[in-house]
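Peer 1: I am attaching a structure below and will ask some questions about it afterwards.
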4 protein chains.
Amino acid sequence: MKVGIMGATGFTGAELVRILLQHPEVELAFVDSRTYENQQFDEVYPNLKGKATMKAQSVDPENLPEDMELVFCALPHRISQNKVIPMHDKGMKIIDLSADFRLNDQKTYEQWYQTAHQRPELLTKSVYGLPEWYKDALKEATLTANPGCFPTSILLPLLPLMKEGLVDGKHLVVSSNTGISGAGRKPSPVNLFSQVNENVRAYGIGTHRHTPEIEQELSLAAGSDITVQFTPHLVPMDRGILSTIVTPAVAGLTLKKVEDCYQAYYGNKPFIRLLSNDALPETKAVKGSNFCDIAWRVDERSGNLILVAAIDNLIKGSSGEAVQNMNLMLGMPEETGLDHLSIWP
Amino acid sequence: MKVGIMGATGFTGAELVRILLQHPEVELAFVDSRTYENQQFDEVYPNLKGKATMKAQSVDPENLPEDMELVFCALPHRISQNKVIPMHDKGMKIIDLSADFRLNDQKTYEQWYQTAHQRPELLTKSVYGLPEWYKDALKEATLTANPGCFPTSILLPLLPLMKEGLVDGKHLVVSSNTGISGAGRKPSPVNLFSQVNENVRAYGIGTHRHTPEIEQELSLAAGSDITVQFTPHLVPMDRGILSTIVTPAVAGLTLKKVEDCYQAYYGNKPFIRLLSNDALPETKAVKGSNFCDIAWRVDERSGNLILVAAIDNLIKGSSGEAVQNMNLMLGMPEETGLDHLSIWP
Amino acid sequence: MKVGIMGATGFTGAELVRILLQHPEVELAFVDSRTYENQQFDEVYPNLKGKATMKAQSVDPENLPEDMELVFCALPHRISQNKVIPMHDKGMKIIDLSADFRLNDQKTYEQWYQTAHQRPELLTKSVYGLPEWYKDALKEATLTANPGCFPTSILLPLLPLMKEGLVDGKHLVVSSNTGISGAGRKPSPVNLFSQVNENVRAYGIGTHRHTPEIEQELSLAAGSDITVQFTPHLVPMDRGILSTIVTPAVAGLTLKKVEDCYQAYYGNKPFIRLLSNDALPETKAVKGSNFCDIAWRVDERSGNLILVAAIDNLIKGSSGEAVQNMNLMLGMPEETGLDHLSIWP
Amino acid sequence: MKVGIMGATGFTGAELVRILLQHPEVELAFVDSRTYENQQFDEVYPNLKGKATMKAQSVDPENLPEDMELVFCALPHRISQNKVIPMHDKGMKIIDLSADFRLNDQKTYEQWYQTAHQRPELLTKSVYGLPEWYKDALKEATLTANPGCFPTSILLPLLPLMKEGLVDGKHLVVSSNTGISGAGRKPSPVNLFSQVNENVRAYGIGTHRHTPEIEQELSLAAGSDITVQFTPHLVPMDRGILSTIVTPAVAGLTLKKVEDCYQAYYGNKPFIRLLSNDALPETKAVKGSNFCDIAWRVDERSGNLILVAAIDNLIKGSSGEAVQNMNLMLGMPEETGLDHLSIWP
């Protein structure tokens with residue numbers, strides 16, 4: 001099965017290339033890039049030297065190479081929809097890694113992203129690509145909106161509890177820590193080594209664009225409007241997101257009820273690891289893998305429930321999740337080609 | 001004026017040595033250490049080579065060198081009280097950097113620290129060494145309990161608002177990020193480079209021992225019992241604490257009210273920097289200095305107040321704060337010898 | 001085919017576990033550890049959670065589990081020979097990752113390692129496990145001495161040139177930079193985060209124990225005694241070795257001659273990547289993989305040849321190389337199970 | 001005494017600001033910047049918040065503010081000479097931190113920097129600002145060319161030995177490791193966190209522009225032409241340079257002769273620390289300070305002399321050294337305002 005990547009030379013695009021090169025069932029037929037057109041891919045990503053020897057090419061979305069089964073679009077929001085719409089119109093299956101098709105509501109999209117949506121009717125047709133939650137829909141999807149990295153780390157621990165009424169959504173406080181790769185590969189004052197190293201800071205307080213998709217999915221699970229206070233922090237590392245969620249425990253909540261709920265939803269999911277012993281998630285344990293590690297605590301003293309989840313932002317939070325979605329959309333077992341284990345240390 | 005340090009070779013002890021060597025008004029008369037007895041101090045801390053050439057000695061607390069004005073005690077909790085009590089009994093002014101005299105309530109101490117207190121009556125006599133809050137009491141103090149690093153970063157932004165009713169203390173959620181130096185210098189699986197590097201994790205959820213002193217001081221300011229949900233995280237850096245505090249905004253709260261409150265309390269404080277522009281604190285901007293940088297946001301959408309504060313855990317969160325306390329206790333301007341600026345990067 | 005690991009819970013042992021769990025042809029039948037006896041392996045290494053669920057056991061080398069084809073020994077030198085000798089005596093194929101069987105000369109071993117060798121006759125029988133150099137011998141080997149991490153990074157670029165007389169071995173100066181994982185997992189003042197982070201230092205100048213094996217192999221290739229000045233440096237990262245080798249260029253040496261020599265020796269080797277364009281090796285490009293990246297420069301101005309090589313010290317410099325050796329010893333293609341690509345970043 | 005800084009918002013300019021703000025004898029009268037004209041300096045450098053409250057201004061070198069005693073020029077080479085020449089022509093004392101006046105020979109400058117020199121006669125008039133070596137000349141200097149960071153770390157250990165014939169300059173091999181701040185503050189693919197973190201690489205092999213100034217000064221000390229093979233490496237840290245120098249030991253060389261030579265030259269120098277015990281330099285021990293730590297080894301086995309030196313590239317390798325030069329040029333003790341000690345960790 002042939003697949004291609006639009007916008008292949010950003011960090012998420014390059015992760016798709018790396019994963020797909022090792023995927024047993026698909027062939028990576030093209031890697032699109034304007035910036036690096038005609039350059040051999042492994043000259044841009046030296047880790048792939050000798051393996052990603054294809055040349056980047058500028059691909060016309062109206063005129064894709066033949067026999068493609070599916071195309072990934074790893075372009076920034078706003079730009080992405082301009083490529084996705086014509087490809088989808090021609091019947092191509094698409095996984096879009098941008099935010100352009102994640103929100104169901106046009107107004108919410110236009111408000112948070114400050115840009116007009118070119119094809120609002122696709123907002124409700126697209127499937128939100130959280131494979132642990134929308135597996136059946138993904139098998140039928142033609143346009144998948146791959147979730148944001150923070151939302152993946154926040155929704156996976158929250159959704160089952162929200163759905164089952166074990167979290168009521170009042171006073172939902174989320175603090176996330178992320179490595180800098182989420183800020184992308186384009187040099188800026190924000191992602192300089194000298195800025196990031198030996199430094200921690202909060203950013204985007206109350207304004208981070210991942211907020212509406214978190215609230216959308218939580219509200220769908222709860223059956224009512226949920227608001228979340230989401231504060232991301234930047235920490236000095238390449239990869240990884242750790243999200244800590246604090247909310248008042250609902251009456252009668254116990255550790256066992258939480259664990260039972262997780263077991264019911266995630267007991268057979270290949271990429272969710274429930275830390276039911278004393279351990280707490282750490283990003284290093286999932287770095288380079290498609291796992292999401294989850295732990296939970298009920299603090300009797302304060303009356304709060306605390307959830308902690310860890311993912312690799314570029315894999316489970318982006319390109320690995322996208323390949324998991326592709327597997328479902330193309331009729332393969334969802335774990336195909338995603339069995340990489342983290343190295344330690 | 002002569003001062004000495006009991007337990008000088010841990011990280012906080014060595015920071016005291018470094019700061020006191022550059023202090024214009026005091027002379028560092030002894031550095032106590034059992035482990036490194038008779039060893040030249042700069043062989044243990046190569047940054048101080050040629051400057052800290054005194055030998056570490058094992059000092060008997062019952063029999064201090066003559067003419068001491070004040071002694072710092074930088075030993076672990078439980079051990080510290082055994083040294084502090086006899087020195088204080090003989091009339092020596094003490095600044096204790098351990099937790100042994102921070103809590104006013106014996107039962108709370110014994111419950112959280114799992115050890116008996118040797119001299120409970122000192123718990124109410126000691127002054128909690130937050131110089132921005134207890135300046136007058138510190139001028140008269142004979143025994144100062146230097147605050148924990150996390151509490152310093154959490155109390156400084158919260159206390160004025162709590163005192164003025166701009167925070168009501170319901171649903172107080174604190175997430176802190178710390179560098180590893182807070183875990184000390186003794187090698188353990190926790191503070192290995194290979195464990196800490198490229199990794200983030202939460203720890204001590206609901207059980208961290210800094211919780212009761214945070215709650216004690218907040219409750220005193222509020223005039224009622226306050227509970228806090230405090231979650232520390234370890235991030236891959238040497239130094240720095242960033243604390244993010246989220247709580248529902250009280251009715252009618254505005255950015256201006258918060259700023260006015262801070263200006264009233266901190267406008268003339270030498271080590272508090274209020275980020276009243278768009279900036280947010282970052283630990284790198286305070287590393288190596290005695291500053292605490294504070295910012296605040298009111299999220300109209302969610303109805304929450306968010307406070308962010310950054311300190312250097314070993315300076316404003318420990319040894320710098322201790323020297324600030326010493327300055328007050330010995331009748332000097334509080335900023336004496338503490339004018340170090342952070343380097344960047 | 002069943003294999004086992006003696007000393008499986010150190011960093012190199014755990015890398016063997018990780019690689020072998022993903023190896024298509026072998027079954028990991030036991031993981032030996034005294035420290036963690038009866039503990040589930042993935043409790044020690046959280047990256048392997050849910051995958052390495054076997055319990056560590058204390059295995060008697062005189063009484064191995066049945067049907068083993070080969071045993072890896074990942075114990076420290078001196079201790080290793082005590083386990084290797086009885087296993088090898090009983091006819092088991094062994095790959096020893098320690099230094100105990102690397103040196104052909106008993107006196108040299110005893111001088112550098114300050115310990116007696118228990119079975120000197122095995123020193124000449126064992127094969128030095130550099131698969132690019134001793135492939136044929138490894139196919140017949142019963143005892144393979146896996147090279148040190150630094151030697152791998154130094155010998156791979158030097159051996160072909162030395163063999164062909166393109167390096168004469170006079171004034172051979174090697175400077176290597178390594179991540180801290182080479183110092184192992186046991187907490188010590190040397191491998192603390194606070195010691196390693198934001199720091200670079202040289203160590204073991206003129207005394208590093210990898211020196212004699214480097215000189216042994218270079219001397220064998222040269223046909224005469226070669227001395228090397230080897231200076232390792234510790235840099236703040238988990239993994240990776242970069243070695244820079246400087247030596248006067250022999251008369252008539254050109255870039256092309258060097259490249260032709262490398263192509264002749266390494267053109268078809270699966271894990272050697274020759275950077276014949278302008279690129280220079282970087283450790284990040286090989287981290288997590290079994291590759292060795294090599295570049296070369298002839299400095300016309302100074303008359304020197306400069307070689308640079310990068311490896312992952314725990315993979316190509318240790319456990320990956322060991323599995324490559326196992327593949328040869330058990331009759332498989334050498335690249336089997338070693339196709340992991342580095343992630344970036 | 002009033003001084004100013006042209007080009008104050010790069011890393012070296014900002015270090016000058018930080019050091020001069022704490023200098024007891026000079027007043028920082030202007031900070032020049034085009035990019036940040038009219039912006040408050042502490043908005044660019046948050047570490048200086050509340051301290052560097054002056055506005056950056058675009059200063060005309062033909063028309064400097066009145067009463068200046070000395071101006072620092074912290075601009076890139078090529079641009080710097082255009083500012084330095086008119087200021088110097090008007091009689092202003094200048095310390096230039098660029099390379100524009102370091103080389104005595106016009107042809108060498110133009111060859112390595114690929115640009116014409118605007119005023120070659122100043123090349124011989126300017127003083128090379130290595131205060132441990134040219135102290136007397138610096139007291140009389142009107143134009144000081146502040147050395148490069150690598151040259152400072154290489155010349156300080158080599159010059160005394162070269163002068164005294166304890167190094168003969170044949171086969172001089174230097175390997176240096178540097179933090180990324182030397183690459184400046186301008187975002188580029190080279191200084192991204194994701195590029196630098198967990199990575200080591202060599203660069204500029206045989207072509208680094210610091211080579212000719214190293215060779216110039218060594219040749220002057222030796223009285224004959226010296227060639228050096230200099231290989232810089234980039235390591236994942238903000239600051240610090242560690243240089244390791246290997247050269248064949250001259251006949252009869254002993255550790256004692258090296259130490260005696262160093263004591264004779266550096267015994268009373270305030271910023272040179274000779275590690276005559278077993279210790280080796282580490283960059284962390286000098287970070288944030290103006291010290292240069294030096295150690296030496298004679299390897300009897302190989303017949304080589306090995307020197308190791310550590311500095312903070314932005315202080316002793318740049319702005320601290322510049323202030324030390326200013327002190328001499330303005331008739332103050334050289335250590336004035338430079339007594340900062342490194343923090344640890």
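Identifiers in the structure tokens: chain A, B, ... in order shown; residue index from 1 per chain; ligand index from 1 in order shown.
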Any idea what's packed within 10 Å of B:His171, counting only C-alpha atoms, ignoring anything in its chain fewer than 4 positions away? Could you give it as number ranges by chain?

Peer 2: A: 171-173, 246-248, 302-304; B: 226-229, 246-248

Peer 1: Do you know which residues are at most 8 Å from B:Leu341 counting only C-alpha atoms, after dropping those on the same chain fewer than 3 positions away, and could you put them as a list in words?

Peer 2: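 Contacts, in chain order: Val286, Gly288 and Ser289 of chain B; Arg18, Asn47 and Leu48 of chain D.
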
Peer 1: Restrict the selected residues to all heavy atoms and save them as an mmCIF file, in the first residue's frame.

Peer 2:
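This is the output file result-v5.cif:
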```cif
data_model
loop_
_atom_site.group_PDB
_atom_site.id
_atom_site.type_symbol
_atom_site.label_atom_id
_atom_site.label_comp_id
_atom_site.auth_asym_id
_atom_site.auth_seq_id
_atom_site.Cartn_x
_atom_site.Cartn_y
_atom_site.Cartn_z
ATOM 1 N N VAL B 286 16.296 34.088 37.182
ATOM 2 C CA VAL B 286 16.585 34.277 38.615
ATOM 3 C C VAL B 286 17.701 33.360 39.109
ATOM 4 O O VAL B 286 18.163 33.494 40.247
ATOM 5 C CB VAL B 286 15.323 34.056 39.487
ATOM 6 C CG1 VAL B 286 14.251 35.083 39.152
ATOM 7 C CG2 VAL B 286 14.766 32.645 39.326
ATOM 8 N N GLY B 288 20.945 31.855 40.278
ATOM 9 C CA GLY B 288 22.155 32.501 40.806
ATOM 10 C C GLY B 288 21.866 33.792 41.556
ATOM 11 O O GLY B 288 22.776 34.430 42.066
ATOM 12 N N SER B 289 20.583 34.174 41.629
ATOM 13 C CA SER B 289 20.223 35.424 42.311
ATOM 14 C C SER B 289 19.248 35.156 43.445
ATOM 15 O O SER B 289 18.716 34.051 43.588
ATOM 16 C CB SER B 289 19.569 36.399 41.321
ATOM 17 O OG SER B 289 18.183 36.122 41.202
ATOM 18 N N ARG D 18 26.023 43.335 32.418
ATOM 19 C CA ARG D 18 25.874 42.721 33.736
ATOM 20 C C ARG D 18 27.090 42.990 34.619
ATOM 21 O O ARG D 18 26.958 43.383 35.785
ATOM 22 C CB ARG D 18 25.682 41.200 33.601
ATOM 23 C CG ARG D 18 25.417 40.487 34.907
ATOM 24 C CD ARG D 18 25.319 38.969 34.735
ATOM 25 N NE ARG D 18 26.553 38.387 34.283
ATOM 26 C CZ ARG D 18 27.583 38.050 35.081
ATOM 27 N NH1 ARG D 18 27.498 38.218 36.382
ATOM 28 N NH2 ARG D 18 28.686 37.521 34.569
ATOM 29 N N ASN D 47 17.086 38.506 33.035
ATOM 30 C CA ASN D 47 17.911 38.339 34.245
ATOM 31 C C ASN D 47 18.254 39.695 34.867
ATOM 32 O O ASN D 47 18.485 39.786 36.062
ATOM 33 C CB ASN D 47 19.207 37.582 33.916
ATOM 34 C CG ASN D 47 20.032 38.230 32.819
ATOM 35 O OD1 ASN D 47 19.468 38.699 31.820
ATOM 36 N ND2 ASN D 47 21.341 38.252 32.970
ATOM 37 N N LEU D 48 18.282 40.738 34.044
ATOM 38 C CA LEU D 48 18.681 42.060 34.538
ATOM 39 C C LEU D 48 17.488 42.927 34.911
ATOM 40 O O LEU D 48 17.627 44.133 35.145
ATOM 41 C CB LEU D 48 19.552 42.757 33.481
ATOM 42 C CG LEU D 48 20.814 41.978 33.081
ATOM 43 C CD1 LEU D 48 21.597 42.734 32.028
ATOM 44 C CD2 LEU D 48 21.694 41.696 34.303
#
```

Peer 1: As a list in words, which residues of stretch 18-176 of chain C does DSSP assign to strand (DSSP E or B)?

Peer 2: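 Of stretch 18-176 of chain C, only Glu27, Leu28, Ala29, Phe30, Val31, Asp32, Gln40, Lys55, Gln57, Met68, Glu69, Leu70, Val71, Phe72, Cys73, Lys93, Ile94, Ile95, Asp96, Val127, Tyr128, Leu143, Thr144, Ala145, Leu172, Val173, Val174, Ser175 and Ser176 of chain C fall in strand (DSSP E or B).
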
Peer 1: Filtering to N, CA and C atoms, could you give me those residues as a PDB file, in the first residue's frame?

Peer 2:
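The resulting file, again-v9.pdb, is reproduced below:
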```pdb
ATOM      1  N   GLU C  27      14.981 -16.182  21.405  1.00  0.00           N
ATOM      2  CA  GLU C  27      14.104 -16.044  22.561  1.00  0.00           C
ATOM      3  C   GLU C  27      14.975 -15.768  23.786  1.00  0.00           C
ATOM      4  N   LEU C  28      14.617 -14.751  24.507  1.00  0.00           N
ATOM      5  CA  LEU C  28      15.375 -14.412  25.713  1.00  0.00           C
ATOM      6  C   LEU C  28      14.877 -15.297  26.847  1.00  0.00           C
ATOM      7  N   ALA C  29      15.691 -16.274  27.221  1.00  0.00           N
ATOM      8  CA  ALA C  29      15.192 -17.310  28.129  1.00  0.00           C
ATOM      9  C   ALA C  29      15.428 -16.989  29.594  1.00  0.00           C
ATOM     10  N   PHE C  30      16.471 -16.231  29.893  1.00  0.00           N
ATOM     11  CA  PHE C  30      16.638 -15.819  31.294  1.00  0.00           C
ATOM     12  C   PHE C  30      17.373 -14.493  31.403  1.00  0.00           C
ATOM     13  N   VAL C  31      17.039 -13.763  32.457  1.00  0.00           N
ATOM     14  CA  VAL C  31      17.771 -12.542  32.790  1.00  0.00           C
ATOM     15  C   VAL C  31      18.259 -12.699  34.226  1.00  0.00           C
ATOM     16  N   ASP C  32      19.564 -12.748  34.349  1.00  0.00           N
ATOM     17  CA  ASP C  32      20.165 -12.968  35.668  1.00  0.00           C
ATOM     18  C   ASP C  32      20.466 -11.654  36.367  1.00  0.00           C
ATOM     19  N   GLN C  40      10.296  -8.280  38.860  1.00  0.00           N
ATOM     20  CA  GLN C  40       9.943  -8.253  37.445  1.00  0.00           C
ATOM     21  C   GLN C  40      10.840  -7.223  36.745  1.00  0.00           C
ATOM     22  N   LYS C  55      10.803 -12.373  35.389  1.00  0.00           N
ATOM     23  CA  LYS C  55      11.473 -12.033  36.637  1.00  0.00           C
ATOM     24  C   LYS C  55      12.975 -12.249  36.514  1.00  0.00           C
ATOM     25  N   GLN C  57      16.403 -13.546  37.811  1.00  0.00           N
ATOM     26  CA  GLN C  57      16.728 -14.671  38.671  1.00  0.00           C
ATOM     27  C   GLN C  57      18.239 -14.756  38.828  1.00  0.00           C
ATOM     28  N   MET C  68      20.131 -23.617  26.047  1.00  0.00           N
ATOM     29  CA  MET C  68      20.697 -22.313  25.688  1.00  0.00           C
ATOM     30  C   MET C  68      21.642 -22.479  24.505  1.00  0.00           C
ATOM     31  N   GLU C  69      21.544 -21.548  23.565  1.00  0.00           N
ATOM     32  CA  GLU C  69      22.487 -21.546  22.440  1.00  0.00           C
ATOM     33  C   GLU C  69      23.694 -20.665  22.746  1.00  0.00           C
ATOM     34  N   LEU C  70      23.437 -19.626  23.561  1.00  0.00           N
ATOM     35  CA  LEU C  70      24.495 -18.630  23.791  1.00  0.00           C
ATOM     36  C   LEU C  70      24.116 -17.821  25.033  1.00  0.00           C
ATOM     37  N   VAL C  71      25.132 -17.414  25.768  1.00  0.00           N
ATOM     38  CA  VAL C  71      24.887 -16.564  26.937  1.00  0.00           C
ATOM     39  C   VAL C  71      25.730 -15.292  26.834  1.00  0.00           C
ATOM     40  N   PHE C  72      25.070 -14.160  27.074  1.00  0.00           N
ATOM     41  CA  PHE C  72      25.777 -12.881  27.190  1.00  0.00           C
ATOM     42  C   PHE C  72      26.172 -12.679  28.645  1.00  0.00           C
ATOM     43  N   CYS C  73      27.334 -12.147  28.853  1.00  0.00           N
ATOM     44  CA  CYS C  73      27.751 -11.827  30.217  1.00  0.00           C
ATOM     45  C   CYS C  73      28.012 -10.323  30.291  1.00  0.00           C
ATOM     46  N   LYS C  93      28.467 -21.236  24.263  1.00  0.00           N
ATOM     47  CA  LYS C  93      28.981 -20.070  23.542  1.00  0.00           C
ATOM     48  C   LYS C  93      28.726 -18.814  24.375  1.00  0.00           C
ATOM     49  N   ILE C  94      29.738 -17.983  24.455  1.00  0.00           N
ATOM     50  CA  ILE C  94      29.666 -16.816  25.350  1.00  0.00           C
ATOM     51  C   ILE C  94      30.046 -15.546  24.599  1.00  0.00           C
ATOM     52  N   ILE C  95      29.287 -14.490  24.874  1.00  0.00           N
ATOM     53  CA  ILE C  95      29.742 -13.141  24.499  1.00  0.00           C
ATOM     54  C   ILE C  95      29.910 -12.365  25.792  1.00  0.00           C
ATOM     55  N   ASP C  96      31.159 -12.008  26.062  1.00  0.00           N
ATOM     56  CA  ASP C  96      31.459 -11.305  27.315  1.00  0.00           C
ATOM     57  C   ASP C  96      31.609  -9.822  27.026  1.00  0.00           C
ATOM     58  N   VAL C 127      37.799 -14.361  20.682  1.00  0.00           N
ATOM     59  CA  VAL C 127      37.836 -13.499  19.489  1.00  0.00           C
ATOM     60  C   VAL C 127      37.432 -12.091  19.911  1.00  0.00           C
ATOM     61  N   TYR C 128      38.168 -11.097  19.441  1.00  0.00           N
ATOM     62  CA  TYR C 128      37.833  -9.696  19.728  1.00  0.00           C
ATOM     63  C   TYR C 128      36.637  -9.325  18.853  1.00  0.00           C
ATOM     64  N   LEU C 143      33.966 -18.042  22.292  1.00  0.00           N
ATOM     65  CA  LEU C 143      34.065 -17.001  23.322  1.00  0.00           C
ATOM     66  C   LEU C 143      34.432 -15.689  22.641  1.00  0.00           C
ATOM     67  N   THR C 144      33.509 -14.771  22.674  1.00  0.00           N
ATOM     68  CA  THR C 144      33.745 -13.476  22.041  1.00  0.00           C
ATOM     69  C   THR C 144      33.907 -12.412  23.110  1.00  0.00           C
ATOM     70  N   ALA C 145      34.987 -11.641  22.979  1.00  0.00           N
ATOM     71  CA  ALA C 145      35.223 -10.528  23.896  1.00  0.00           C
ATOM     72  C   ALA C 145      34.712  -9.269  23.218  1.00  0.00           C
ATOM     73  N   LEU C 172      49.797   9.604  17.284  1.00  0.00           N
ATOM     74  CA  LEU C 172      48.374   9.313  17.160  1.00  0.00           C
ATOM     75  C   LEU C 172      47.673   9.908  18.388  1.00  0.00           C
ATOM     76  N   VAL C 173      46.886  10.956  18.152  1.00  0.00           N
ATOM     77  CA  VAL C 173      46.240  11.662  19.257  1.00  0.00           C
ATOM     78  C   VAL C 173      44.729  11.516  19.131  1.00  0.00           C
ATOM     79  N   VAL C 174      44.104  10.936  20.147  1.00  0.00           N
ATOM     80  CA  VAL C 174      42.662  10.700  20.113  1.00  0.00           C
ATOM     81  C   VAL C 174      41.996  11.434  21.267  1.00  0.00           C
ATOM     82  N   SER C 175      40.997  12.211  20.928  1.00  0.00           N
ATOM     83  CA  SER C 175      40.188  12.879  21.931  1.00  0.00           C
ATOM     84  C   SER C 175      38.755  12.387  21.765  1.00  0.00           C
ATOM     85  N   SER C 176      38.193  11.825  22.818  1.00  0.00           N
ATOM     86  CA  SER C 176      36.822  11.303  22.726  1.00  0.00           C
ATOM     87  C   SER C 176      35.908  12.027  23.701  1.00  0.00           C
TER      88      SER C 176
END
```

Peer 1: List the neighbours of A:Ser80 out to 10 Å using only C-alpha atoms; skip same-chain residues closer than 4 positions along the sequence, and give me the result as a short mmCIF file (atom, residue, chain, number, x, y, z; two decimals) with C-alpha atoms, in the first residue's frame.

Peer 2:
```cif
data_model
loop_
_atom_site.label_atom_id
_atom_site.label_comp_id
_atom_site.auth_asym_id
_atom_site.auth_seq_id
_atom_site.Cartn_x
_atom_site.Cartn_y
_atom_site.Cartn_z
CA MET A 6 2.73 16.47 2.42
CA GLY A 7 5.10 18.68 4.43
CA CYS A 73 -0.58 16.16 5.76
CA ALA A 74 1.99 17.50 8.24
CA LEU A 75 1.71 21.19 7.45
CA PRO A 76 0.92 24.09 9.81
CA VAL A 84 -6.27 18.74 2.39
CA ILE A 85 -9.45 19.97 0.71
CA ASP A 96 -4.23 15.77 8.75
CA LEU A 97 -1.80 16.46 11.59
CA SER A 98 -2.73 20.14 11.78
CA ALA A 99 -5.59 21.62 13.82
CA ASP A 100 -7.65 22.49 10.76
CA PHE A 101 -10.20 19.70 11.05
#
```

Peer 1: Counting only C-alpha atoms, which residues in chain C sit no more than 6 Å from chain D? For each one, give the nearest pair of atoms and the distance in Å, sorted by chain then residue number, as JSON lines.

Peer 2:
```
{"residue": "C:Ser194", "atom": "CA", "partner": "D:Pro345", "partner_atom": "CA", "distance": 5.5}
{"residue": "C:Glu198", "atom": "CA", "partner": "D:Met237", "partner_atom": "CA", "distance": 5.0}
{"residue": "C:Asn199", "atom": "CA", "partner": "D:Lys284", "partner_atom": "CA", "distance": 4.9}
{"residue": "C:Val200", "atom": "CA", "partner": "D:Thr283", "partner_atom": "CA", "distance": 5.6}
{"residue": "C:Arg201", "atom": "CA", "partner": "D:Glu282", "partner_atom": "CA", "distance": 4.6}
{"residue": "C:Gly206", "atom": "CA", "partner": "D:Asp299", "partner_atom": "CA", "distance": 5.9}
{"residue": "C:Met237", "atom": "CA", "partner": "D:Glu198", "partner_atom": "CA", "distance": 5.0}
{"residue": "C:Glu282", "atom": "CA", "partner": "D:Arg201", "partner_atom": "CA", "distance": 4.7}
{"residue": "C:Thr283", "atom": "CA", "partner": "D:Asn199", "partner_atom": "CA", "distance": 5.3}
{"residue": "C:Lys284", "atom": "CA", "partner": "D:Asn199", "partner_atom": "CA", "distance": 4.9}
{"residue": "C:Asp299", "atom": "CA", "partner": "D:Gly206", "partner_atom": "CA", "distance": 5.9}
{"residue": "C:Pro345", "atom": "CA", "partner": "D:Ser194", "partner_atom": "CA", "distance": 5.5}
```

Peer 1: Can you list, as a ChimeraX atom specification, every protein, DNA or RNA residue that comes within 12 Å of stretch 268-275 of chain C when you count only C-alpha atoms, leaving out same-chain residues fewer than 6 positions away?

Peer 2: /A:42-43,46-51 /C:130-133,135,152-153,156-157,258-262,281-282,285-286,289-297,307-312,315-317,320-321,324,333-336,338-341

Peer 1: In Å to one decimal, how far is atom CA of C:Gly91 from atom CA of C:Pro120?

Peer 2: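 Going from atom CA of C:Pro120 over to atom CA of C:Gly91 covers 17.6 Å.
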
Peer 1: DSSP says alpha helix (DSSP H) for which residues of stretch 196-339 of chain C? Put them as an NGL selection string?

Peer 2: :C and (196 or 211-222 or 255-266 or 320-329)
